[in-house]
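Trainee: What follows is the file work.txt, containing compact mmCIF, N, CA and C atoms and all ligand atoms:
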# COMPACT_ATOMS: atom_id res chain seq x y z
N MET A 147 113.45 112.98 192.89
CA MET A 147 113.07 111.70 192.30
C MET A 147 113.14 111.77 190.78
N THR A 148 113.37 110.63 190.23
CA THR A 148 113.49 110.63 188.77
C THR A 148 112.40 109.77 188.15
N THR A 149 111.47 110.44 187.55
CA THR A 149 110.43 109.71 186.84
C THR A 149 110.84 109.56 185.39
N SER A 150 110.69 108.37 184.86
CA SER A 150 111.06 108.20 183.46
C SER A 150 110.12 109.02 182.58
N PRO A 151 110.69 109.92 181.87
CA PRO A 151 109.89 110.83 181.02
C PRO A 151 109.36 110.13 179.79
N GLU A 152 108.51 109.18 180.02
CA GLU A 152 108.01 108.38 178.90
C GLU A 152 107.31 109.26 177.88
N ARG A 153 106.53 110.18 178.41
CA ARG A 153 105.74 111.00 177.48
C ARG A 153 106.55 112.12 176.87
N LEU A 154 107.75 112.28 177.37
CA LEU A 154 108.56 113.37 176.85
C LEU A 154 109.56 112.87 175.82
N ARG A 155 109.53 111.61 175.58
CA ARG A 155 110.47 111.08 174.59
C ARG A 155 110.13 111.63 173.22
N PRO A 156 111.15 111.86 172.45
CA PRO A 156 110.93 112.39 171.10
C PRO A 156 110.42 111.32 170.16
N CYS A 157 109.99 111.77 169.03
CA CYS A 157 109.52 110.87 167.99
C CYS A 157 110.65 109.93 167.59
N PRO A 158 110.40 108.63 167.61
CA PRO A 158 111.45 107.66 167.28
C PRO A 158 111.86 107.70 165.82
N ILE A 159 111.06 108.35 165.01
CA ILE A 159 111.36 108.40 163.58
C ILE A 159 112.27 109.56 163.25
N CYS A 160 111.92 110.73 163.70
CA CYS A 160 112.69 111.89 163.30
C CYS A 160 113.31 112.62 164.49
N GLY A 161 112.90 112.25 165.69
CA GLY A 161 113.52 112.84 166.87
C GLY A 161 112.88 114.14 167.32
N LYS A 162 111.84 114.54 166.64
CA LYS A 162 111.16 115.76 167.06
C LYS A 162 110.26 115.45 168.25
N PRO A 163 109.91 116.48 168.98
CA PRO A 163 109.00 116.28 170.11
C PRO A 163 107.70 115.64 169.64
N ARG A 164 107.28 114.66 170.39
CA ARG A 164 106.09 113.95 169.96
C ARG A 164 104.83 114.77 170.21
N VAL A 165 103.80 114.44 169.45
CA VAL A 165 102.51 115.10 169.62
C VAL A 165 101.53 114.07 170.17
N PRO A 166 100.86 114.44 171.24
CA PRO A 166 99.95 113.50 171.91
C PRO A 166 99.00 112.82 170.94
N ASP A 167 98.53 113.53 169.97
CA ASP A 167 97.57 112.96 169.04
C ASP A 167 98.17 111.82 168.23
N PHE A 168 99.48 111.88 168.08
CA PHE A 168 100.13 110.89 167.23
C PHE A 168 101.16 110.08 168.00
N ALA A 169 101.12 110.21 169.31
CA ALA A 169 102.10 109.52 170.13
C ALA A 169 102.21 108.05 169.72
N PRO A 170 103.41 107.49 169.73
CA PRO A 170 104.62 108.18 170.19
C PRO A 170 105.33 108.96 169.10
N PHE A 171 104.61 109.30 168.09
CA PHE A 171 105.24 110.01 166.98
C PHE A 171 104.89 111.49 167.02
N CYS A 172 105.44 112.23 166.09
CA CYS A 172 105.23 113.66 166.10
C CYS A 172 104.21 114.07 165.05
N SER A 173 103.89 113.15 164.19
CA SER A 173 102.96 113.49 163.11
C SER A 173 102.46 112.20 162.46
N PRO A 174 101.35 112.30 161.76
CA PRO A 174 100.83 111.12 161.06
C PRO A 174 101.83 110.61 160.04
N ARG A 175 102.65 111.50 159.58
CA ARG A 175 103.65 111.12 158.58
C ARG A 175 104.65 110.14 159.19
N CYS A 176 105.11 110.50 160.35
CA CYS A 176 106.07 109.62 161.01
C CYS A 176 105.41 108.31 161.41
N ARG A 177 104.17 108.41 161.79
CA ARG A 177 103.46 107.20 162.17
C ARG A 177 103.35 106.27 160.97
N ASP A 178 103.00 106.84 159.84
CA ASP A 178 102.90 106.04 158.63
C ASP A 178 104.27 105.49 158.25
N ARG A 179 105.25 106.30 158.45
CA ARG A 179 106.60 105.89 158.10
C ARG A 179 107.01 104.67 158.91
N ASP A 180 106.69 104.73 160.16
CA ASP A 180 107.04 103.60 161.02
C ASP A 180 106.27 102.36 160.59
N LEU A 181 105.02 102.58 160.26
CA LEU A 181 104.19 101.45 159.84
C LEU A 181 104.73 100.85 158.56
N LEU A 182 105.07 101.70 157.64
CA LEU A 182 105.58 101.24 156.36
C LEU A 182 106.89 100.49 156.55
N ARG A 183 107.69 101.01 157.44
CA ARG A 183 108.96 100.35 157.68
C ARG A 183 108.72 98.95 158.26
N TRP A 184 107.77 98.92 159.15
CA TRP A 184 107.44 97.65 159.78
C TRP A 184 106.95 96.65 158.74
N LEU A 185 106.05 97.14 157.88
CA LEU A 185 105.51 96.27 156.84
C LEU A 185 106.61 95.86 155.88
N ASP A 186 107.44 96.81 155.56
CA ASP A 186 108.51 96.54 154.61
C ASP A 186 109.41 95.44 155.13
N GLU A 187 109.73 95.52 156.39
CA GLU A 187 110.59 94.50 156.98
C GLU A 187 109.86 93.17 157.06
N GLY A 188 108.56 93.27 157.21
CA GLY A 188 107.77 92.06 157.31
C GLY A 188 107.69 91.34 155.98
N TYR A 189 107.69 92.13 154.93
CA TYR A 189 107.55 91.52 153.61
C TYR A 189 108.89 91.20 152.99
N THR A 190 109.92 91.73 153.57
CA THR A 190 111.25 91.49 153.01
C THR A 190 111.67 90.04 153.22
N ILE A 191 112.42 89.54 152.31
CA ILE A 191 112.89 88.17 152.42
C ILE A 191 113.72 88.03 153.69
N PRO A 192 113.53 86.95 154.39
CA PRO A 192 114.32 86.74 155.61
C PRO A 192 115.80 86.66 155.31
N GLY A 193 116.56 87.29 156.12
CA GLY A 193 118.00 87.28 155.89
C GLY A 193 118.66 88.19 156.90
N PRO A 194 119.93 88.30 156.80
CA PRO A 194 120.64 89.19 157.71
C PRO A 194 120.20 90.62 157.50
N PRO A 195 119.97 91.33 158.58
CA PRO A 195 119.53 92.72 158.47
C PRO A 195 120.55 93.56 157.74
N ALA A 196 120.07 94.25 156.74
CA ALA A 196 120.99 95.11 155.99
C ALA A 196 121.50 96.22 156.90
N ASP A 197 122.63 96.70 156.56
CA ASP A 197 123.21 97.73 157.41
C ASP A 197 122.67 99.09 157.01
N ARG A 198 121.38 99.16 157.06
CA ARG A 198 120.77 100.44 156.69
C ARG A 198 120.64 101.32 157.91
N PRO A 199 121.12 102.52 157.81
CA PRO A 199 120.95 103.45 158.92
C PRO A 199 119.49 103.79 159.09
N ASP A 200 119.04 103.78 160.31
CA ASP A 200 117.62 104.04 160.52
C ASP A 200 117.28 105.45 160.08
N GLY A 201 116.32 105.52 159.20
CA GLY A 201 115.91 106.84 158.75
C GLY A 201 115.76 106.89 157.25
N ASP A 202 116.75 106.42 156.55
CA ASP A 202 116.69 106.50 155.09
C ASP A 202 116.16 105.20 154.50
N GLU A 203 114.96 105.28 153.97
CA GLU A 203 114.39 104.09 153.37
C GLU A 203 114.42 104.20 151.86
N ASP A 204 114.64 105.40 151.39
CA ASP A 204 114.60 105.62 149.95
C ASP A 204 115.78 104.97 149.24
N ARG A 205 116.74 104.57 150.02
CA ARG A 205 117.93 104.00 149.38
C ARG A 205 118.30 102.67 150.05
N ASP A 206 117.33 101.77 150.03
CA ASP A 206 117.62 100.48 150.66
C ASP A 206 117.74 99.39 149.60
N ARG A 207 117.83 99.83 148.36
CA ARG A 207 117.98 98.83 147.30
C ARG A 207 119.12 99.25 146.39
N ASP A 208 120.24 99.50 146.99
CA ASP A 208 121.38 99.92 146.18
C ASP A 208 122.19 98.71 145.72
N ASP A 209 121.91 97.56 146.29
CA ASP A 209 122.62 96.38 145.81
C ASP A 209 121.68 95.53 144.99
N THR A 210 121.96 95.44 143.74
CA THR A 210 121.06 94.72 142.84
C THR A 210 121.36 93.22 142.83
ZN ZN A 301 108.55 112.46 163.72
Rewrite the structure of this file - the entire thing - as structure tokens.
Mentor:
Amino acid sequence: MTTSPERLRPCPICGKPRVPDFAPFCSPRCRDRDLLRWLDEGYTIPGPPADRPDGDEDRDRDDT
């Protein structure tokens, strides 16, 4: 039988094995990162989603 390994999924931020304490992330850092990303997108002006590769947020303002 195949049970969906929900708890075995890696951290959606960095892909490392998740830690139960911070599930579904692997660390508070990744959790914060996800939160910040969420907030950032929430505060960003509505428009077409930039073609930013998921992961790098430090360089999302290269077009002035
Ligand atoms: Zn992580």
Trainee: Atom N of Cys160 in chain A and atom C of Asp186 in chain A are how many Å apart?
Mentor: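 Straight-line distance from atom N of Cys160 in chain A to atom C of Asp186 in chain A works out to 17.7 Å.
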Trainee: What does the distance from CA of Asp167 in chain A to atom N of Leu181 in chain A come to in Å, to one decimal?
Mentor: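 A separation of 15.5 Å between them.
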Trainee: Taking the backbone alone, and naming residues the way the document does, which bits of range 159-189 of chain A are alpha helix (DSSP H) by DSSP, as a list in words?
Mentor: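 Answer for range 159-189 of chain A, restricted to alpha helix (DSSP H): Pro174, Arg175, Cys176, Arg177, Asp178, Arg179, Asp180, Leu181, Leu182, Arg183, Trp184, Leu185, Asp186, Glu187, Gly188 and Tyr189 of chain A.
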Trainee: Kindly compile the residues surrounding ligand ZN 301 (chain A) within 6.5 Å, counting all atoms listed in the file, and format them as a PyMOL selection string.
Mentor: chain A and resi 157-162+171-173+175-177
Trainee: Record the distance separating atom C of Pro170 in chain A and atom N of Leu154 in chain A, expressed in Å with one decimal.
Mentor: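 A separation of 9.2 Å between them.
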